[in-house]
Every structure is written in structure tokens, then in C-alpha cells.
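Everything below concerns the one structure shown next.
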Amino acid sequence: MTATAAPLPAFPPGFLWGVSTSAHQIEGAVDGRAPSVWDAFGAEPGRIKDGSTAEVACDHVARYREDVALVRDLGVDAYRFSVSWPRVLAPGGLDFYDRLVDELCAQGVRPVPTLFHWDLPLALQEAGGWLERDTASRFAEYAETVAARLGDRVAKWITLNEPAEHTLLGHALGEHAPGKKLLFDALPVAHHQLLAHGLAARALRAAGAHDIGIANSHGPTWPASADPADTGAADLYDIILNRLFSDPLLLGRYPDGFGELMPGADVAADLKVISEDTLDWYGINYYQPTKAGAPGAADVDFSGITIPAELPFSVREIEGYPTTDFGWPVVPDALTELLVGFRERYGDRLPPLVITENGCAYEGLDDQERIAYLDGHIRAVHRAVTAGVDVRGYFVWSLLDNFEWAEGYTKRFGLVHVDYATQKRTPKASYGWLQGALRARRA
């Protein structure tokens, strides 16, 4: 791919530009927080591809002022970061986020905290984790604590990041922490995370918040063929990875057949907590579409993830498109398809949308492929806006190269290169491109 020199299209006034990170992936300073599920998972041999840990990561706790300066100089409006629940549990743990939010405000950058980005405190996991309903209640108490401390300076909140991936990869397939392989017995994890969102939204409302969202991952599902076996399997995949998390939030109900599988004495009452007055906007993390079809006779390795043959669908390679270093197809038009499809499915139940993550893994400082990727996807968002979809913002993943979960440090998503041995930050060509594109828009 080669980058275009054309200026970015004009978005509506007030459109929010930002960059994203998450606590466990960049913070380091593990001695300043309680243990998390990722500490325990990463300590198990073979769990992390390169055998690394996030003990230092990007040393962000010590270097946050330097990183905030990079955000400021980039010229974006907002910085989406996550608050580490395990850090908040440690004495003085919230002090770091006080300092971070103060620094962002001083530099004219809007803080946008995410309350949960996969790093559950280990003590809660040992008590059952997201398989237990009580974890949702504990999450609401934690949200109340954070809001009481930061709410005077934070206007925009995100409750959870990608509950679908945390359910699938962490609890159904065992590829992420906490490493459980429960397959469909992981469904309580989905319900309890959604319930946690609803309870946390209530706590945030009580603290005066009026700009609350969630960051759900979504992508179009394409059937492998027109054969009914493939289209039926693709429909099921789409329900599990997309609608299982958007329908309860936006329609107040689960897709047909799934409500009966959820835990609790009164799922209907839970759905009211999940859906009623919990969203001012809806966040979408987009990376790629998925081709799905009928299951095969054997397990399949897909982008380093094992898809068991016993599942009622299989995931297939999408051919004919360039791919990232993760092997993910680069399909900007699928983002337009997704956004228009959301408007068509949910109609007036759909709040304004924000792209809370979009990015790609590529090596190198002269990352022309990343420039082309971002340019193409920003234009895809604009096509959706032109088609009448109310999209209010776009956040790039990620500000920094970082600890990429089970991949360790083998994949680089950052606009800024991090030398993990020295912690030197070096803006990449993509950083300069986005900086210039945003400056040109505001000229």
C-alpha cells in the first residue's frame, strides 16, 4: 500500500479525534498495584509468545508526562486510556490517575478513561471472576470510587472494552487470561460483563456523568458461500461476536434463543439494568471483517488462535486484500458496511457512534502501510457519515507500541515506536502524517 497525499475529508463540527492505549499494555510499575489475571496468566510457561511480561511494558507510570506531550503534539482532541482496577486497589493507586488527568487537562487534551480493559484483579478471579454475578457488583463499586476521584475533570467515560473478546479469547478458547476453555459455558461471562456495564453506568450517573459509552468490538461477518450450511454458520458467528453484545445494550433483549442460556433468576430485569439510560454514545472497535462457514473436520489455526472443530462454525481466510503483520485483511469498505448496517439494524435506538479503536500492526519507522491503512479507514468513516450515520469521533489504536497481550512484544501497533530496552520514544512516519492531516483540517 502507498499513502495518499490527498487531504482528509471534512467531518462535522465537533468531531472528536483521539488516540487510545490500555493500562496493562503500557503502564509497568507492577509493584504499585495488586496482581491481575494477566500477571498470573503470563507466568504460565508458553502463554505469551515471546515469553515476555508487562512488568515494565512502556514504563508509562514513570513517563506519562512525556507520553502526554506526544498526544498534545500530535494534535488530537482526546486521549483514551484505561484505569487499572488492580492499581486502584493498591494504596495510593488512584494518585497516578489524578496526576495523569491533571497533566492531560493542563495540556489541553480531553481525558477519556476506560474502566475495564481485561485486567481483572487476581483476587476477584480467584473468587470466580466474571463467571460470578458478584463481580458485576464489585465493578460498580470500583466505578463509583474512580468517578468520585476523577469526575470533576473527566466528562467522557467508557465502562468496558471488548467484552466479546474477553469472553471468547479469555474464557471460551483459553487464548487470553484467565485462560479458560469453556466454549459455550462461557456465556455467563458475557452476561455479567454487560450487567457490570449497566451497574457502572448507574454509579457514574449518580456521580454526575452524562457522557457514557462502551467500547465493543464489531466487524461484518461474510458467509464462506451461499450454501445454507455456510450462511447458517455465519449467522451464528455474527450473533455470538456482534449481536450478543449490541442487542442487549441497544434493544434490551438477547438474540433469539440466547436469553434462555443466560444466568440469573430474572434475566429480563437484568436487561433493563443493561439497556435503560446506560449509553449516551456507542463505541465501536473495528479491525477487520470475518469470513465464516460450516465447521470443518479438524481444529483450525486462525491468526494464531485455535478454532476448535467442535464449534458450530469455522473461520476462513479472506483472500484478495493486503494484510497487516497480524495477517488481518485490510478492508476499509467493511467499516462503512458495518456502520451503515448498525444504523439499518437499530434505527432510532442507535445512539451516536464513536470509533474507539482502529489501527494495525506493522514494523518500521517509515510505516507507509499504516498511513495508507488509517487514511483508508478514516475515509470509510466519512462515507458512513455522508450516508447518514451519526459518527462523532475516531480514536487510533495505538499511541505507543506496547505489550500486545498473548503476542508479547512481537506486534507493533503504535504511532510512536518504543525501544523496549531504553524506553526511547520515536514518532513514526504515521505520527507525522496524522499530525499534518489534523493540522491541515484546522487551518
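A note on labels: chains of the C-alpha cells are A, B, ... as shown, every chain counts residues from 1, and ligands are counted from 1 in their shown order.
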Using only C-alpha atoms, which protein or nucleic acid residues come within 7 Å of Asn216 of chain A? Drop anything in the same chain fewer than 4 positions from it, and give the result as a compact mmCIF listing (two decimals) with N, CA, C and O atoms, in the first residue's frame.
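This is the output file selection_18.txt:
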```txt
# COMPACT_ATOMS: atom_id res chain seq x y z
N ASN A 161 -14.08 -2.45 27.79
CA ASN A 161 -13.51 -2.62 26.46
C ASN A 161 -13.68 -4.07 26.00
O ASN A 161 -13.30 -5.01 26.69
N GLU A 162 -14.30 -4.23 24.85
CA GLU A 162 -14.38 -5.50 24.13
C GLU A 162 -14.77 -6.70 25.02
O GLU A 162 -14.02 -7.67 25.16
N PRO A 163 -15.95 -6.66 25.61
CA PRO A 163 -16.40 -7.84 26.36
C PRO A 163 -16.51 -9.09 25.50
O PRO A 163 -16.37 -10.20 26.01
N GLY A 283 -19.51 2.94 21.42
CA GLY A 283 -18.18 2.83 20.86
C GLY A 283 -17.99 1.55 20.07
O GLY A 283 -18.42 0.47 20.50
N ILE A 284 -17.33 1.67 18.92
CA ILE A 284 -17.03 0.52 18.07
C ILE A 284 -15.53 0.44 17.85
O ILE A 284 -14.90 1.40 17.40
N ASN A 285 -14.96 -0.72 18.21
CA ASN A 285 -13.58 -1.05 17.85
C ASN A 285 -13.63 -1.89 16.58
O ASN A 285 -14.24 -2.96 16.58
```
Query raised in the report: Pick from A:Val71, A:Ala140, A:Leu150, A:Leu236: nearest to Asp102 of chain A, with only C-alpha atoms counted?
Result: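 With only C-alpha atoms as the atom set, the closest residue is A:Leu150.
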Requested in this report: Select from segment 114-237 of chain A everything DSSP, run on the backbone, classes as strand (DSSP E), then give the selection as a PyMOL selection string.
Outcome: chain A and resi 114-116+157-161+212-217+221-223
Query raised in the report: So how many Å separate atom CA of Val331 of chain A and atom CA of Gln288 of chain A, to one decimal?
Result: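 That distance, rounded to one decimal, is 6.5 Å.
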Requested in this report: Find the residues near Glu276 of chain A: any atom within 12 Å, counting only C-alpha atoms, skip ones fewer than 6 places away on the same chain, and give them as number ranges by chain.
Outcome: A: 195, 197-199, 201-202, 205, 248-253, 268-270, 349
Residues as selected, C-alpha atoms, written as a JSON list (two decimals), in the first residue's frame, can you do that?
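What follows is the written file out-v1.json:
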```json
[["chain", "number", "residue", "atom", "x", "y", "z"],
["A", 195, "LEU", "CA", -24.61, -6.30, 33.69],
["A", 197, "HIS", "CA", -21.77, -2.03, 32.33],
["A", 198, "GLY", "CA", -25.33, -1.26, 33.41],
["A", 199, "LEU", "CA", -24.50, -1.11, 37.10],
["A", 201, "ALA", "CA", -23.44, 3.40, 34.30],
["A", 202, "ARG", "CA", -25.83, 3.86, 37.23],
["A", 205, "ARG", "CA", -24.84, 8.79, 36.59],
["A", 248, "PRO", "CA", -28.94, -6.24, 24.85],
["A", 249, "LEU", "CA", -27.50, -2.73, 25.04],
["A", 250, "LEU", "CA", -29.46, -1.22, 22.18],
["A", 251, "LEU", "CA", -32.67, -3.28, 22.08],
["A", 252, "GLY", "CA", -32.91, -4.52, 25.65],
["A", 253, "ARG", "CA", -33.03, -8.16, 24.59],
["A", 268, "ALA", "CA", -35.42, -9.63, 31.91],
["A", 269, "ALA", "CA", -34.75, -7.43, 34.93],
["A", 270, "ASP", "CA", -31.02, -7.59, 34.22],
["A", 349, "ARG", "CA", -32.45, 3.01, 19.11]]
```
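Distances here use only C-alpha atoms; by that measure, the residue among A:Leu365, A:Phe184, A:Asp375, A:Asp401 closest to Glu310 of chain A is A:Phe184.
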Query raised in the report: Using only C-alpha atoms, which residues sit within 12 Å of Gly347 of chain A once same-chain residues fewer than 3 positions away are excluded, as a list of chain:residue names?
Result: A:Leu250, A:Leu251, A:Leu339, A:Val340, A:Gly341, A:Phe342, A:Arg343, A:Glu344, A:Leu350, A:Pro351, A:Pro352, A:Gly388, A:Val389, A:Asp390
Restrict the selected residues to all heavy atoms and save them as an mmCIF file, in the first residue's frame.
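And here's part36.cif as it stands now:
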```
data_model
loop_
_atom_site.group_PDB
_atom_site.id
_atom_site.type_symbol
_atom_site.label_atom_id
_atom_site.label_comp_id
_atom_site.auth_asym_id
_atom_site.auth_seq_id
_atom_site.Cartn_x
_atom_site.Cartn_y
_atom_site.Cartn_z
ATOM 1 N N LEU A 250 -28.715 -2.140 23.032
ATOM 2 C CA LEU A 250 -29.456 -1.224 22.178
ATOM 3 C C LEU A 250 -30.932 -1.582 22.027
ATOM 4 O O LEU A 250 -31.753 -0.707 21.742
ATOM 5 C CB LEU A 250 -28.799 -1.167 20.794
ATOM 6 C CG LEU A 250 -27.335 -0.703 20.803
ATOM 7 C CD1 LEU A 250 -26.736 -0.773 19.406
ATOM 8 C CD2 LEU A 250 -27.209 0.712 21.365
ATOM 9 N N LEU A 251 -31.280 -2.850 22.212
ATOM 10 C CA LEU A 251 -32.672 -3.281 22.075
ATOM 11 C C LEU A 251 -33.265 -3.780 23.388
ATOM 12 O O LEU A 251 -34.479 -3.996 23.474
ATOM 13 C CB LEU A 251 -32.784 -4.395 21.027
ATOM 14 C CG LEU A 251 -32.332 -4.046 19.606
ATOM 15 C CD1 LEU A 251 -32.472 -5.265 18.700
ATOM 16 C CD2 LEU A 251 -33.121 -2.858 19.053
ATOM 17 N N LEU A 339 -20.902 0.267 9.789
ATOM 18 C CA LEU A 339 -21.572 1.435 10.363
ATOM 19 C C LEU A 339 -22.956 1.638 9.749
ATOM 20 O O LEU A 339 -23.929 1.906 10.464
ATOM 21 C CB LEU A 339 -20.699 2.669 10.153
ATOM 22 C CG LEU A 339 -19.344 2.650 10.883
ATOM 23 C CD1 LEU A 339 -18.492 3.834 10.466
ATOM 24 C CD2 LEU A 339 -19.536 2.627 12.393
ATOM 25 N N VAL A 340 -23.058 1.502 8.444
ATOM 26 C CA VAL A 340 -24.366 1.625 7.789
ATOM 27 C C VAL A 340 -25.285 0.500 8.265
ATOM 28 O O VAL A 340 -26.482 0.707 8.500
ATOM 29 C CB VAL A 340 -24.201 1.621 6.260
ATOM 30 C CG1 VAL A 340 -25.561 1.549 5.565
ATOM 31 C CG2 VAL A 340 -23.453 2.876 5.798
ATOM 32 N N GLY A 341 -24.727 -0.704 8.429
ATOM 33 C CA GLY A 341 -25.523 -1.819 8.909
ATOM 34 C C GLY A 341 -26.049 -1.602 10.316
ATOM 35 O O GLY A 341 -27.182 -2.001 10.635
ATOM 36 N N PHE A 342 -25.259 -0.978 11.172
ATOM 37 C CA PHE A 342 -25.732 -0.660 12.525
ATOM 38 C C PHE A 342 -26.916 0.290 12.459
ATOM 39 O O PHE A 342 -27.907 0.103 13.174
ATOM 40 C CB PHE A 342 -24.589 -0.044 13.341
ATOM 41 C CG PHE A 342 -24.011 -0.980 14.360
ATOM 42 C CD1 PHE A 342 -23.253 -2.069 13.960
ATOM 43 C CD2 PHE A 342 -24.230 -0.803 15.710
ATOM 44 C CE1 PHE A 342 -22.719 -2.945 14.887
ATOM 45 C CE2 PHE A 342 -23.706 -1.667 16.654
ATOM 46 C CZ PHE A 342 -22.950 -2.752 16.242
ATOM 47 N N ARG A 343 -26.837 1.299 11.620
ATOM 48 C CA ARG A 343 -27.953 2.244 11.519
ATOM 49 C C ARG A 343 -29.206 1.533 11.011
ATOM 50 O O ARG A 343 -30.319 1.762 11.510
ATOM 51 C CB ARG A 343 -27.590 3.387 10.583
ATOM 52 C CG ARG A 343 -28.667 4.473 10.506
ATOM 53 C CD ARG A 343 -28.470 5.347 9.289
ATOM 54 N NE ARG A 343 -28.537 4.547 8.072
ATOM 55 C CZ ARG A 343 -28.276 5.013 6.852
ATOM 56 N NH1 ARG A 343 -27.916 6.275 6.694
ATOM 57 N NH2 ARG A 343 -28.369 4.235 5.793
ATOM 58 N N GLU A 344 -29.030 0.644 10.036
ATOM 59 C CA GLU A 344 -30.189 -0.058 9.480
ATOM 60 C C GLU A 344 -30.790 -1.030 10.487
ATOM 61 O O GLU A 344 -32.015 -1.183 10.552
ATOM 62 C CB GLU A 344 -29.766 -0.795 8.206
ATOM 63 C CG GLU A 344 -29.407 0.151 7.063
ATOM 64 C CD GLU A 344 -28.832 -0.573 5.857
ATOM 65 O OE1 GLU A 344 -28.503 -1.789 5.989
ATOM 66 O OE2 GLU A 344 -28.696 0.054 4.793
ATOM 67 N N LEU A 350 -30.344 3.563 18.045
ATOM 68 C CA LEU A 350 -28.891 3.683 17.970
ATOM 69 C C LEU A 350 -28.449 5.076 18.408
ATOM 70 O O LEU A 350 -28.809 6.074 17.785
ATOM 71 C CB LEU A 350 -28.413 3.417 16.544
ATOM 72 C CG LEU A 350 -26.899 3.396 16.314
ATOM 73 C CD1 LEU A 350 -26.270 2.213 17.038
ATOM 74 C CD2 LEU A 350 -26.577 3.326 14.825
ATOM 75 N N PRO A 351 -27.662 5.180 19.470
ATOM 76 C CA PRO A 351 -27.128 6.498 19.849
ATOM 77 C C PRO A 351 -25.998 6.889 18.912
ATOM 78 O O PRO A 351 -25.601 6.112 18.030
ATOM 79 C CB PRO A 351 -26.621 6.248 21.266
ATOM 80 C CG PRO A 351 -26.251 4.807 21.283
ATOM 81 C CD PRO A 351 -27.215 4.108 20.364
ATOM 82 N N PRO A 352 -25.455 8.082 19.057
ATOM 83 C CA PRO A 352 -24.279 8.442 18.256
ATOM 84 C C PRO A 352 -23.167 7.414 18.435
ATOM 85 O O PRO A 352 -23.009 6.822 19.508
ATOM 86 C CB PRO A 352 -23.877 9.806 18.824
ATOM 87 C CG PRO A 352 -25.136 10.364 19.393
ATOM 88 C CD PRO A 352 -25.887 9.189 19.929
ATOM 89 N N GLY A 388 -25.369 9.175 6.238
ATOM 90 C CA GLY A 388 -26.342 9.499 7.266
ATOM 91 C C GLY A 388 -26.118 8.862 8.620
ATOM 92 O O GLY A 388 -26.965 8.995 9.516
ATOM 93 N N VAL A 389 -24.982 8.173 8.804
ATOM 94 C CA VAL A 389 -24.697 7.571 10.103
ATOM 95 C C VAL A 389 -24.096 8.631 11.021
ATOM 96 O O VAL A 389 -23.192 9.368 10.622
ATOM 97 C CB VAL A 389 -23.729 6.381 9.961
ATOM 98 C CG1 VAL A 389 -23.519 5.705 11.307
ATOM 99 C CG2 VAL A 389 -24.251 5.378 8.936
ATOM 100 N N ASP A 390 -24.595 8.709 12.240
ATOM 101 C CA ASP A 390 -24.147 9.733 13.191
ATOM 102 C C ASP A 390 -22.897 9.239 13.921
ATOM 103 O O ASP A 390 -22.980 8.637 14.990
ATOM 104 C CB ASP A 390 -25.270 10.039 14.185
ATOM 105 C CG ASP A 390 -24.937 11.207 15.107
ATOM 106 O OD1 ASP A 390 -23.870 11.838 14.923
ATOM 107 O OD2 ASP A 390 -25.745 11.482 16.017
#
```
Query raised in the report: Just how far from atom CA of Arg72 of chain A is atom CA of Tyr431 of chain A, in Å to one decimal?
Result: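 Between atom CA of Tyr431 of chain A and atom CA of Arg72 of chain A the gap is 11.9 Å.
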Query raised in the report: When distances are computed from only C-alpha atoms, which of A:Thr323, A:Ser398, A:Ser20, A:Ser275 shows the smallest separation from Glu369 of chain A?
Result: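 Looking at the shortest contact to Glu369 of chain A, the residue is A:Thr323.
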Requested in this report: Using only C-alpha atoms, find the one residue out of A:Asp73, A:Glu66, A:Asp98, A:Asp185 that sits nearest to Arg149 of chain A.
Outcome: A:Asp98
Report task. Quick one: pick out all helix (DSSP H, G or I) residues within segment 119-365 of chain A from a backbone DSSP run and write them as a PyMOL selection string. Result -> chain A and resi 122-126+129-131+134-150+163-172+183-206+228-251+259-261+267-275+332-349
Query raised in the report: Which of these residues is nearest to Phe41 of chain A, using only C-alpha atoms: A:Leu100, A:Leu74, A:Ala54, A:Ala29?
Result: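 Result for the nearest residue to Phe41 of chain A: A:Ala54.
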Query raised in the report: With distances taken over only C-alpha atoms, which of A:Tyr420, A:Asp280, A:Val396, A:Val385 is nearest to Phe11 of chain A?
Result: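 Looking only at the distances to Phe11 of chain A, the closest residue turns out to be A:Val385.
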